[in-house]
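Have a look at the structure below, then the notes.
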Amino acid sequence: MPRHVPGALRARAFCYAQTDMSAPSAAAPTAALPAVQPGLAILVLALLLSIQPVTTDLYLPALPALTRSLDAPLAAAQLTLSGLLLAFGCSQMVWGPLSDRFGRRPILLAGLAIYTVASLGSALASSMALLIAWRVAQGAAMGAVVMCARAIVRDLYTPHEGARAMSKALTGLGIVACLCAPLGGLLSEWLGWRAALLAVTAYAVATLAVVALRMPETLAHRNPQALQPRALVGTWLQVLRSPTFWAFSLQTTATYGGLFSFLAASSFVYIDVLGVTRTQYGWVMATACVAYLAGTFLCRRLLARHGLRRTVAIAGALSVAGGSLMGAVAWAGWHHPVALLLPFYLFMLGHGIHQPCGQSGAVGPFPRAAGVASALNGFMMMLAAFGIGAWLGRRLDGTVWPLVNGVWFWSVVLAAISWTLVQRFGAPQDHA
């Protein structure tokens, strides 16, 4: 019986026994799940994946202001972002097996509820220490949300169809991200930085309501052994032994490394060094999101015409061209907001291709362990982000170079991975 009906957005109808990754052990069959409407699936995936740019982009224009308001050093301000992302990455290592054991829906509801409380706590924080603590809690809860979104893609699609579906969902993310930065700039300019964080809380409440009221369970067969130490270690080892997983996870880590270098440094560079206002900075971020949005549309066209690996190779060329041109502009002494932004559009165009291909490709070989594979993939990205944040906290020196060098470095690494590892190992096959 075919494993998937192409284009159908529903849970798998076939039955198979869940097995321990180290020894066979049959599980009882489960009842058929309710069908997921195509539009609803894409809408929910877009909302869940968009929680990441909402959490970061809405508050980035307010970051210099809240740093001054709470009388904190730049290194502490960077922890509000890098600490959140480290918690985001580490928590997925717990949420992933839990979602394979109990299903996606209960983990999603728990994660969104905790995220909502932490978002409100962040908006009301009276010190930088409290803000960092609430942001770490927010990141841990966000791990459940994004991890489940990526696992749901594997529940509903084959790897190739998953890349197309992920690109549609990430188009929605791009639209949300385009709105977040200008909205964050306007709110922080008119009402103060706390208003930007309260907007994050409002988004959390709306997303929680949609999932609670409309989204059914998508995991057709829960794994009762997913939390047993022996089975869990066996699943981790199985995922980590897959060259396909490593190829796509390193690809997503590199493209996110370039993006995060821009996210973590750009508000200080553009506002404090290049002299743009918070509202203008919001529009800088919005235009970069438009380039990313265009990349998700381009991704679907390239996938249909060239297939997964060729599409990633093309995206690698866009990425390295953007990073290298950005470096060339900086070396030429053109330290102007527009001059540095135009090459970054190329990087963001490539990013809009890399993320859907890489995220679906990393979990593609693991239909029975998509939660664990998604968690490990997310952990790698966020571990890199934490390291970048710590590096930038010490390197921000009142020049454009920390921003430029970060994007340039990751663009070269990304191109190398796209042209070598993904080309060699990027044809996933299900692991039994």
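For the structure tokens, the naming scheme is as follows: chains receive sequential letters (A, B, ...) according to their order of presentation, residues are indexed from 1 within each chain, and ligands are indexed from 1 in presentation order.
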Helix (DSSP H, G or I) call set, DSSP backbone run, range 184-392 of chain A, as a short mmCIF file (atom, residue, chain, number, x, y, z; two decimals) with N, CA and C atoms, in the first residue's frame:
```
data_model
loop_
_atom_site.label_atom_id
_atom_site.label_comp_id
_atom_site.auth_asym_id
_atom_site.auth_seq_id
_atom_site.Cartn_x
_atom_site.Cartn_y
_atom_site.Cartn_z
N GLY A 184 6.84 46.31 15.34
CA GLY A 184 7.66 46.46 16.54
C GLY A 184 8.30 47.83 16.63
N GLY A 185 8.76 48.35 15.49
CA GLY A 185 9.34 49.69 15.48
C GLY A 185 8.32 50.76 15.84
N LEU A 186 7.12 50.66 15.26
CA LEU A 186 6.08 51.65 15.54
C LEU A 186 5.63 51.58 17.00
N LEU A 187 5.41 50.36 17.50
CA LEU A 187 4.96 50.22 18.89
C LEU A 187 5.99 50.74 19.88
N SER A 188 7.26 50.39 19.64
CA SER A 188 8.30 50.84 20.57
C SER A 188 8.52 52.35 20.47
N GLU A 189 8.31 52.91 19.27
CA GLU A 189 8.49 54.35 19.08
C GLU A 189 7.35 55.12 19.75
N TRP A 190 6.13 54.63 19.62
CA TRP A 190 4.96 55.36 20.11
C TRP A 190 4.62 55.02 21.56
N TRP A 193 8.92 50.01 24.66
CA TRP A 193 9.32 48.65 24.32
C TRP A 193 8.40 47.58 24.88
N ARG A 194 7.71 47.87 25.99
CA ARG A 194 6.81 46.86 26.57
C ARG A 194 5.63 46.58 25.64
N ALA A 195 5.21 47.57 24.88
CA ALA A 195 4.09 47.37 23.96
C ALA A 195 4.44 46.34 22.89
N ALA A 196 5.70 46.36 22.43
CA ALA A 196 6.12 45.38 21.43
C ALA A 196 6.05 43.96 22.00
N LEU A 197 6.44 43.80 23.26
CA LEU A 197 6.39 42.47 23.87
C LEU A 197 4.96 42.05 24.18
N LEU A 198 4.07 42.99 24.46
CA LEU A 198 2.67 42.65 24.65
C LEU A 198 2.03 42.18 23.34
N ALA A 199 2.51 42.70 22.22
CA ALA A 199 2.01 42.22 20.92
C ALA A 199 2.36 40.75 20.72
N VAL A 200 3.52 40.32 21.22
CA VAL A 200 3.90 38.91 21.16
C VAL A 200 2.88 38.07 21.94
N THR A 201 2.47 38.56 23.11
CA THR A 201 1.49 37.86 23.92
C THR A 201 0.17 37.70 23.17
N ALA A 202 -0.26 38.76 22.49
CA ALA A 202 -1.51 38.69 21.72
C ALA A 202 -1.43 37.63 20.63
N TYR A 203 -0.29 37.54 19.95
CA TYR A 203 -0.11 36.52 18.92
C TYR A 203 -0.18 35.12 19.53
N ALA A 204 0.41 34.95 20.70
CA ALA A 204 0.39 33.65 21.36
C ALA A 204 -1.03 33.21 21.70
N VAL A 205 -1.83 34.12 22.21
CA VAL A 205 -3.21 33.80 22.57
C VAL A 205 -4.00 33.39 21.32
N ALA A 206 -3.84 34.12 20.23
CA ALA A 206 -4.56 33.81 19.00
C ALA A 206 -4.17 32.44 18.45
N THR A 207 -2.87 32.14 18.45
CA THR A 207 -2.40 30.85 17.94
C THR A 207 -2.89 29.70 18.81
N LEU A 208 -2.84 29.88 20.12
CA LEU A 208 -3.34 28.86 21.04
C LEU A 208 -4.82 28.57 20.77
N ALA A 209 -5.60 29.61 20.52
CA ALA A 209 -7.03 29.43 20.26
C ALA A 209 -7.26 28.63 18.98
N VAL A 210 -6.52 28.94 17.91
CA VAL A 210 -6.69 28.23 16.65
C VAL A 210 -6.36 26.75 16.80
N VAL A 211 -5.23 26.45 17.45
CA VAL A 211 -4.83 25.05 17.63
C VAL A 211 -5.83 24.31 18.52
N ALA A 212 -6.25 24.93 19.61
CA ALA A 212 -7.17 24.28 20.53
C ALA A 212 -8.52 23.98 19.90
N LEU A 213 -8.99 24.89 19.04
CA LEU A 213 -10.34 24.77 18.50
C LEU A 213 -10.40 24.02 17.17
N ARG A 214 -9.31 24.03 16.39
CA ARG A 214 -9.42 23.53 15.01
C ARG A 214 -8.45 22.41 14.64
N PRO A 229 14.59 4.76 28.08
CA PRO A 229 15.99 5.17 27.83
C PRO A 229 16.66 4.41 26.69
N ARG A 230 16.48 3.08 26.68
CA ARG A 230 17.16 2.30 25.64
C ARG A 230 16.63 2.67 24.26
N ALA A 231 15.30 2.77 24.15
CA ALA A 231 14.71 3.12 22.86
C ALA A 231 15.07 4.54 22.44
N LEU A 232 15.08 5.46 23.42
CA LEU A 232 15.39 6.84 23.12
C LEU A 232 16.82 7.00 22.62
N VAL A 233 17.76 6.38 23.31
CA VAL A 233 19.16 6.43 22.87
C VAL A 233 19.30 5.79 21.49
N GLY A 234 18.59 4.67 21.28
CA GLY A 234 18.65 4.02 19.99
C GLY A 234 18.13 4.90 18.86
N THR A 235 17.04 5.64 19.16
CA THR A 235 16.48 6.55 18.15
C THR A 235 17.44 7.68 17.85
N TRP A 236 18.02 8.27 18.90
CA TRP A 236 19.00 9.34 18.69
C TRP A 236 20.16 8.86 17.82
N LEU A 237 20.68 7.67 18.16
CA LEU A 237 21.81 7.14 17.40
C LEU A 237 21.42 6.87 15.95
N GLN A 238 20.21 6.36 15.75
CA GLN A 238 19.77 6.10 14.38
C GLN A 238 19.73 7.38 13.56
N VAL A 239 19.19 8.44 14.16
CA VAL A 239 19.12 9.72 13.45
C VAL A 239 20.51 10.27 13.19
N LEU A 240 21.37 10.22 14.22
CA LEU A 240 22.69 10.80 14.10
C LEU A 240 23.61 10.01 13.17
N PRO A 243 23.62 10.07 7.17
CA PRO A 243 24.29 11.17 6.46
C PRO A 243 23.31 12.17 5.86
N THR A 244 22.11 11.70 5.52
CA THR A 244 21.10 12.62 5.00
C THR A 244 20.70 13.64 6.06
N PHE A 245 20.50 13.16 7.29
CA PHE A 245 20.18 14.07 8.39
C PHE A 245 21.28 15.10 8.58
N TRP A 246 22.53 14.68 8.58
CA TRP A 246 23.64 15.60 8.79
C TRP A 246 23.76 16.61 7.65
N ALA A 247 23.57 16.15 6.43
CA ALA A 247 23.68 17.06 5.29
C ALA A 247 22.67 18.20 5.40
N PHE A 248 21.41 17.85 5.63
CA PHE A 248 20.38 18.88 5.68
C PHE A 248 20.42 19.67 6.98
N SER A 249 20.81 19.05 8.07
CA SER A 249 20.88 19.79 9.34
C SER A 249 22.02 20.80 9.33
N LEU A 250 23.16 20.42 8.76
CA LEU A 250 24.26 21.39 8.63
C LEU A 250 23.87 22.52 7.68
N GLN A 251 23.10 22.18 6.64
CA GLN A 251 22.63 23.22 5.73
C GLN A 251 21.71 24.21 6.45
N THR A 252 20.73 23.71 7.20
CA THR A 252 19.82 24.62 7.91
C THR A 252 20.56 25.39 9.00
N THR A 253 21.54 24.77 9.63
CA THR A 253 22.32 25.47 10.66
C THR A 253 23.11 26.62 10.05
N ALA A 254 23.72 26.39 8.89
CA ALA A 254 24.52 27.44 8.26
C ALA A 254 23.65 28.60 7.79
N THR A 255 22.50 28.29 7.17
CA THR A 255 21.65 29.38 6.69
C THR A 255 21.06 30.16 7.87
N TYR A 256 20.72 29.46 8.96
CA TYR A 256 20.23 30.17 10.13
C TYR A 256 21.34 30.96 10.81
N GLY A 257 22.58 30.46 10.73
CA GLY A 257 23.70 31.20 11.29
C GLY A 257 23.87 32.55 10.63
N GLY A 258 23.74 32.59 9.30
CA GLY A 258 23.81 33.87 8.60
C GLY A 258 22.67 34.80 8.96
N LEU A 259 21.45 34.23 9.03
CA LEU A 259 20.31 35.04 9.41
C LEU A 259 20.45 35.57 10.82
N PHE A 260 20.87 34.71 11.75
CA PHE A 260 20.96 35.13 13.14
C PHE A 260 22.05 36.18 13.32
N SER A 261 23.13 36.09 12.58
CA SER A 261 24.17 37.12 12.65
C SER A 261 23.57 38.49 12.33
N PHE A 262 22.69 38.51 11.33
CA PHE A 262 22.02 39.76 10.97
C PHE A 262 21.03 40.18 12.06
N LEU A 263 20.22 39.24 12.54
CA LEU A 263 19.21 39.57 13.55
C LEU A 263 19.84 40.12 14.82
N ALA A 264 20.91 39.47 15.28
CA ALA A 264 21.49 39.84 16.56
C ALA A 264 22.28 41.14 16.51
N ALA A 265 22.85 41.47 15.35
CA ALA A 265 23.71 42.65 15.26
C ALA A 265 23.06 43.84 14.58
N SER A 266 22.03 43.60 13.76
CA SER A 266 21.55 44.67 12.88
C SER A 266 20.91 45.83 13.62
N SER A 267 20.19 45.57 14.72
CA SER A 267 19.55 46.70 15.41
C SER A 267 20.59 47.66 15.96
N PHE A 268 21.68 47.14 16.51
CA PHE A 268 22.74 48.00 17.03
C PHE A 268 23.51 48.69 15.91
N VAL A 269 23.78 47.94 14.82
CA VAL A 269 24.55 48.52 13.72
C VAL A 269 23.72 49.57 12.98
N TYR A 270 22.49 49.25 12.64
CA TYR A 270 21.67 50.18 11.86
C TYR A 270 21.22 51.38 12.68
N ILE A 271 20.85 51.16 13.95
CA ILE A 271 20.34 52.28 14.75
C ILE A 271 21.48 53.08 15.37
N ASP A 272 22.42 52.40 16.02
CA ASP A 272 23.47 53.12 16.76
C ASP A 272 24.66 53.53 15.90
N VAL A 273 24.96 52.75 14.84
CA VAL A 273 26.14 53.05 14.01
C VAL A 273 25.74 53.82 12.75
N ARG A 278 14.21 53.81 14.88
CA ARG A 278 13.63 52.49 15.14
C ARG A 278 12.57 52.14 14.10
N THR A 279 11.77 53.11 13.71
CA THR A 279 10.76 52.85 12.69
C THR A 279 11.41 52.52 11.35
N GLN A 280 12.44 53.27 10.98
CA GLN A 280 13.15 52.97 9.74
C GLN A 280 13.81 51.59 9.79
N TYR A 281 14.34 51.24 10.95
CA TYR A 281 14.93 49.91 11.09
C TYR A 281 13.87 48.82 10.91
N GLY A 282 12.66 49.07 11.41
CA GLY A 282 11.57 48.13 11.19
C GLY A 282 11.33 47.88 9.71
N TRP A 283 11.41 48.94 8.90
CA TRP A 283 11.22 48.78 7.47
C TRP A 283 12.42 48.10 6.81
N VAL A 284 13.61 48.29 7.35
CA VAL A 284 14.78 47.54 6.87
C VAL A 284 14.52 46.04 7.01
N MET A 285 14.05 45.64 8.20
CA MET A 285 13.75 44.23 8.43
C MET A 285 12.62 43.75 7.54
N ALA A 286 11.62 44.59 7.33
CA ALA A 286 10.48 44.19 6.51
C ALA A 286 10.90 43.92 5.07
N THR A 287 11.78 44.76 4.51
CA THR A 287 12.21 44.54 3.13
C THR A 287 13.05 43.28 3.00
N ALA A 288 13.84 42.97 4.05
CA ALA A 288 14.60 41.71 4.04
C ALA A 288 13.64 40.52 4.07
N CYS A 289 12.54 40.66 4.80
CA CYS A 289 11.53 39.59 4.84
C CYS A 289 10.85 39.42 3.50
N VAL A 290 10.69 40.50 2.75
CA VAL A 290 10.11 40.40 1.41
C VAL A 290 11.01 39.55 0.52
N ALA A 291 12.32 39.74 0.63
CA ALA A 291 13.25 38.92 -0.14
C ALA A 291 13.13 37.45 0.26
N TYR A 292 13.00 37.20 1.56
CA TYR A 292 12.80 35.83 2.04
C TYR A 292 11.50 35.25 1.50
N LEU A 293 10.46 36.05 1.51
CA LEU A 293 9.16 35.63 0.99
C LEU A 293 9.27 35.24 -0.48
N ALA A 294 9.99 36.06 -1.24
CA ALA A 294 10.21 35.73 -2.66
C ALA A 294 10.96 34.42 -2.80
N GLY A 295 11.88 34.15 -1.89
CA GLY A 295 12.62 32.90 -1.93
C GLY A 295 11.73 31.68 -1.74
N THR A 296 10.71 31.79 -0.88
CA THR A 296 9.81 30.64 -0.68
C THR A 296 8.98 30.37 -1.94
N PHE A 297 8.59 31.43 -2.66
CA PHE A 297 7.89 31.23 -3.93
C PHE A 297 8.83 30.61 -4.96
N LEU A 298 10.05 31.13 -5.03
CA LEU A 298 11.04 30.61 -5.97
C LEU A 298 11.34 29.14 -5.66
N CYS A 299 11.34 28.79 -4.38
CA CYS A 299 11.62 27.42 -3.96
C CYS A 299 10.66 26.44 -4.63
N ARG A 300 9.38 26.75 -4.61
CA ARG A 300 8.40 25.83 -5.19
C ARG A 300 8.60 25.67 -6.70
N ARG A 301 8.93 26.75 -7.36
CA ARG A 301 9.17 26.67 -8.81
C ARG A 301 10.42 25.83 -9.12
N LEU A 302 11.47 26.05 -8.34
CA LEU A 302 12.71 25.30 -8.58
C LEU A 302 12.54 23.83 -8.26
N LEU A 303 11.80 23.52 -7.19
CA LEU A 303 11.57 22.12 -6.84
C LEU A 303 10.84 21.39 -7.96
N ALA A 304 9.84 22.03 -8.53
CA ALA A 304 9.08 21.40 -9.61
C ALA A 304 9.93 21.18 -10.86
N ARG A 305 10.87 22.08 -11.08
CA ARG A 305 11.66 22.01 -12.32
C ARG A 305 12.96 21.22 -12.16
N HIS A 306 13.61 21.35 -10.98
CA HIS A 306 14.96 20.80 -10.84
C HIS A 306 15.09 19.72 -9.77
N LEU A 308 15.05 18.42 -5.55
CA LEU A 308 15.52 18.94 -4.27
C LEU A 308 16.99 19.35 -4.27
N ARG A 309 17.86 18.46 -4.71
CA ARG A 309 19.29 18.73 -4.58
C ARG A 309 19.75 19.87 -5.49
N ARG A 310 19.25 19.89 -6.71
CA ARG A 310 19.62 20.97 -7.62
C ARG A 310 19.11 22.32 -7.10
N THR A 311 17.92 22.30 -6.50
CA THR A 311 17.36 23.52 -5.93
C THR A 311 18.25 24.06 -4.82
N VAL A 312 18.74 23.18 -3.96
CA VAL A 312 19.62 23.60 -2.87
C VAL A 312 20.94 24.15 -3.42
N ALA A 313 21.45 23.56 -4.49
CA ALA A 313 22.69 24.04 -5.09
C ALA A 313 22.51 25.47 -5.61
N ILE A 314 21.38 25.75 -6.25
CA ILE A 314 21.11 27.09 -6.75
C ILE A 314 21.01 28.08 -5.58
N ALA A 315 20.35 27.66 -4.52
CA ALA A 315 20.24 28.52 -3.34
C ALA A 315 21.60 28.80 -2.73
N GLY A 316 22.50 27.82 -2.75
CA GLY A 316 23.85 28.04 -2.24
C GLY A 316 24.58 29.13 -3.00
N ALA A 317 24.37 29.18 -4.32
CA ALA A 317 24.99 30.24 -5.12
C ALA A 317 24.43 31.61 -4.75
N LEU A 318 23.13 31.69 -4.52
CA LEU A 318 22.53 32.96 -4.10
C LEU A 318 23.10 33.41 -2.76
N SER A 319 23.24 32.48 -1.84
CA SER A 319 23.71 32.81 -0.50
C SER A 319 25.13 33.36 -0.50
N VAL A 320 26.04 32.64 -1.17
CA VAL A 320 27.43 33.08 -1.16
C VAL A 320 27.61 34.37 -1.95
N ALA A 321 26.79 34.57 -2.98
CA ALA A 321 26.85 35.82 -3.72
C ALA A 321 26.44 36.99 -2.83
N GLY A 322 25.38 36.80 -2.05
CA GLY A 322 24.94 37.86 -1.15
C GLY A 322 25.95 38.19 -0.07
N GLY A 323 26.48 37.14 0.59
CA GLY A 323 27.46 37.39 1.65
C GLY A 323 28.74 38.02 1.12
N SER A 324 29.21 37.56 -0.04
CA SER A 324 30.46 38.09 -0.59
C SER A 324 30.30 39.53 -1.07
N LEU A 325 29.17 39.85 -1.69
CA LEU A 325 28.92 41.23 -2.11
C LEU A 325 28.81 42.16 -0.91
N MET A 326 28.21 41.67 0.16
CA MET A 326 28.12 42.47 1.37
C MET A 326 29.52 42.79 1.91
N GLY A 327 30.39 41.77 1.91
CA GLY A 327 31.76 42.00 2.34
C GLY A 327 32.50 42.97 1.43
N ALA A 328 32.29 42.84 0.11
CA ALA A 328 32.96 43.73 -0.84
C ALA A 328 32.51 45.18 -0.66
N VAL A 329 31.22 45.37 -0.43
CA VAL A 329 30.70 46.72 -0.21
C VAL A 329 31.32 47.34 1.04
N ALA A 330 31.41 46.54 2.11
CA ALA A 330 31.99 47.06 3.35
C ALA A 330 33.47 47.40 3.17
N TRP A 331 34.22 46.52 2.48
CA TRP A 331 35.64 46.78 2.26
C TRP A 331 35.85 48.01 1.38
N PRO A 337 23.24 52.34 4.99
CA PRO A 337 22.19 51.33 5.22
C PRO A 337 21.75 50.59 3.96
N VAL A 338 21.51 51.31 2.87
CA VAL A 338 21.04 50.66 1.64
C VAL A 338 22.14 49.84 1.00
N ALA A 339 23.37 50.35 0.99
CA ALA A 339 24.48 49.64 0.36
C ALA A 339 24.71 48.28 1.01
N LEU A 340 24.57 48.20 2.34
CA LEU A 340 24.76 46.93 3.03
C LEU A 340 23.53 46.04 2.93
N LEU A 341 22.37 46.63 2.74
CA LEU A 341 21.13 45.85 2.72
C LEU A 341 20.91 45.15 1.39
N LEU A 342 21.24 45.81 0.28
CA LEU A 342 20.95 45.23 -1.03
C LEU A 342 21.59 43.84 -1.22
N PRO A 343 22.88 43.64 -0.88
CA PRO A 343 23.43 42.29 -1.03
C PRO A 343 22.77 41.28 -0.09
N PHE A 344 22.32 41.75 1.08
CA PHE A 344 21.69 40.83 2.02
C PHE A 344 20.39 40.27 1.47
N TYR A 345 19.75 41.01 0.56
CA TYR A 345 18.54 40.49 -0.08
C TYR A 345 18.82 39.17 -0.80
N LEU A 346 20.00 39.07 -1.44
CA LEU A 346 20.35 37.81 -2.11
C LEU A 346 20.47 36.67 -1.11
N PHE A 347 21.09 36.96 0.03
CA PHE A 347 21.20 35.93 1.06
C PHE A 347 19.81 35.49 1.53
N MET A 348 18.91 36.45 1.73
CA MET A 348 17.56 36.12 2.20
C MET A 348 16.76 35.38 1.13
N LEU A 349 17.00 35.67 -0.13
CA LEU A 349 16.36 34.92 -1.20
C LEU A 349 16.77 33.45 -1.12
N GLY A 350 18.08 33.22 -0.93
CA GLY A 350 18.55 31.86 -0.75
C GLY A 350 18.01 31.21 0.51
N HIS A 351 17.89 32.00 1.59
CA HIS A 351 17.38 31.47 2.85
C HIS A 351 15.94 30.97 2.68
N GLY A 352 15.15 31.64 1.87
CA GLY A 352 13.79 31.21 1.62
C GLY A 352 13.71 29.88 0.88
N ILE A 353 14.79 29.46 0.27
CA ILE A 353 14.88 28.15 -0.37
C ILE A 353 15.49 27.12 0.57
N HIS A 354 16.53 27.51 1.26
CA HIS A 354 17.25 26.57 2.13
C HIS A 354 16.38 26.03 3.27
N GLN A 355 15.59 26.89 3.90
CA GLN A 355 14.87 26.45 5.08
C GLN A 355 13.81 25.39 4.79
N PRO A 356 12.90 25.58 3.83
CA PRO A 356 11.94 24.50 3.58
C PRO A 356 12.59 23.22 3.09
N CYS A 357 13.60 23.33 2.23
CA CYS A 357 14.28 22.13 1.74
C CYS A 357 15.03 21.42 2.87
N GLY A 358 15.75 22.20 3.67
CA GLY A 358 16.57 21.61 4.71
C GLY A 358 15.75 21.03 5.85
N GLN A 359 14.72 21.74 6.29
CA GLN A 359 13.93 21.25 7.43
C GLN A 359 13.14 20.00 7.07
N SER A 360 12.57 19.96 5.88
CA SER A 360 11.85 18.75 5.48
C SER A 360 12.82 17.62 5.17
N GLY A 361 13.98 17.95 4.59
CA GLY A 361 14.96 16.92 4.28
C GLY A 361 15.56 16.26 5.50
N ALA A 362 15.73 17.02 6.60
CA ALA A 362 16.34 16.48 7.81
C ALA A 362 15.46 15.45 8.49
N VAL A 363 14.15 15.63 8.42
CA VAL A 363 13.23 14.67 9.07
C VAL A 363 12.71 13.64 8.09
N ALA A 370 10.00 11.34 13.67
CA ALA A 370 10.09 12.70 13.17
C ALA A 370 10.29 13.71 14.29
N GLY A 371 9.70 13.43 15.47
CA GLY A 371 9.87 14.35 16.59
C GLY A 371 11.32 14.45 17.03
N VAL A 372 11.98 13.31 17.16
CA VAL A 372 13.39 13.30 17.57
C VAL A 372 14.26 13.95 16.50
N ALA A 373 14.04 13.61 15.23
CA ALA A 373 14.83 14.20 14.15
C ALA A 373 14.65 15.71 14.09
N SER A 374 13.41 16.16 14.24
CA SER A 374 13.14 17.60 14.24
C SER A 374 13.82 18.28 15.42
N ALA A 375 13.79 17.61 16.58
CA ALA A 375 14.40 18.19 17.77
C ALA A 375 15.92 18.33 17.61
N LEU A 376 16.56 17.30 17.10
CA LEU A 376 18.01 17.35 16.91
C LEU A 376 18.39 18.41 15.88
N ASN A 377 17.61 18.52 14.83
CA ASN A 377 17.85 19.55 13.82
C ASN A 377 17.72 20.94 14.44
N GLY A 378 16.67 21.16 15.20
CA GLY A 378 16.48 22.46 15.85
C GLY A 378 17.56 22.76 16.87
N PHE A 379 17.99 21.73 17.60
CA PHE A 379 19.04 21.91 18.60
C PHE A 379 20.33 22.39 17.95
N MET A 380 20.68 21.81 16.81
CA MET A 380 21.90 22.23 16.12
C MET A 380 21.83 23.70 15.70
N MET A 381 20.69 24.11 15.16
CA MET A 381 20.55 25.50 14.73
C MET A 381 20.67 26.47 15.90
N MET A 382 20.02 26.13 17.00
CA MET A 382 20.00 27.05 18.13
C MET A 382 21.32 27.05 18.90
N LEU A 383 22.04 25.92 18.89
CA LEU A 383 23.36 25.90 19.51
C LEU A 383 24.29 26.85 18.75
N ALA A 384 24.20 26.83 17.43
CA ALA A 384 24.99 27.77 16.63
C ALA A 384 24.59 29.21 16.93
N ALA A 385 23.27 29.45 17.06
CA ALA A 385 22.79 30.80 17.35
C ALA A 385 23.30 31.30 18.69
N PHE A 386 23.32 30.43 19.69
CA PHE A 386 23.83 30.84 21.00
C PHE A 386 25.30 31.23 20.91
N GLY A 387 26.08 30.43 20.19
CA GLY A 387 27.49 30.76 20.03
C GLY A 387 27.70 32.07 19.28
N ILE A 388 26.88 32.31 18.25
CA ILE A 388 26.98 33.57 17.51
C ILE A 388 26.62 34.74 18.40
N GLY A 389 25.54 34.59 19.20
CA GLY A 389 25.13 35.66 20.10
C GLY A 389 26.21 36.01 21.11
N ALA A 390 26.85 34.96 21.68
CA ALA A 390 27.93 35.20 22.64
C ALA A 390 29.10 35.90 21.97
N TRP A 391 29.43 35.50 20.74
CA TRP A 391 30.53 36.12 20.01
C TRP A 391 30.21 37.58 19.71
N LEU A 392 28.99 37.85 19.25
CA LEU A 392 28.62 39.23 18.92
C LEU A 392 28.58 40.12 20.16
#
```
Within 12 Å of Ala125 in chain A, counting only C-alpha atoms, which residues qualify if same-chain residues fewer than 2 places away don't, as a list in words?
->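 My list of contacting residues is Leu66, Ser69, Leu70, Thr80, Ala118, Ser119, Leu120, Gly121, Ser122, Ala123, Ser127, Met128, Ala129, Leu130, Leu131, Ile132, Ala133, Trp134, Arg135, Trp193, Arg194, Leu197 and Leu198 of chain A.
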Nearest to Arg150 in chain A, chosen from A:Leu49, A:Asn223, A:Leu79, A:Ser91, with only C-alpha atoms counted in the distances =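 Of A:Leu49, A:Asn223, A:Leu79, A:Ser91, the one nearest Arg150 in chain A, counting only C-alpha atoms, is A:Leu49.
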Which residue gives the smallest distance to Ala177 in chain A among A:Leu81, A:Ala140, A:Leu60, A:Ala113, with only C-alpha atoms counted?
->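 Of A:Leu81, A:Ala140, A:Leu60, A:Ala113, the one nearest Ala177 in chain A, counting only C-alpha atoms, is A:Leu60.
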Would you please work out which residue, of A:Phe366, A:Ile107, A:Asp397, A:Ala62, is nearest to Val94 in chain A when using only C-alpha atoms?
->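 The answer is A:Ile107, which sits nearest to Val94 in chain A.
If you measure from each of A:Leu183, A:Ile42, A:Ala77, A:Met142 to Arg164 in chain A using only C-alpha atoms, the closest one turns out to be A:Ile42.
If only C-alpha atoms are the atoms counted, then among A:Ala163, A:Val153, A:Ala141, A:Val54 the closest residue to Leu84 in chain A is A:Ala141.
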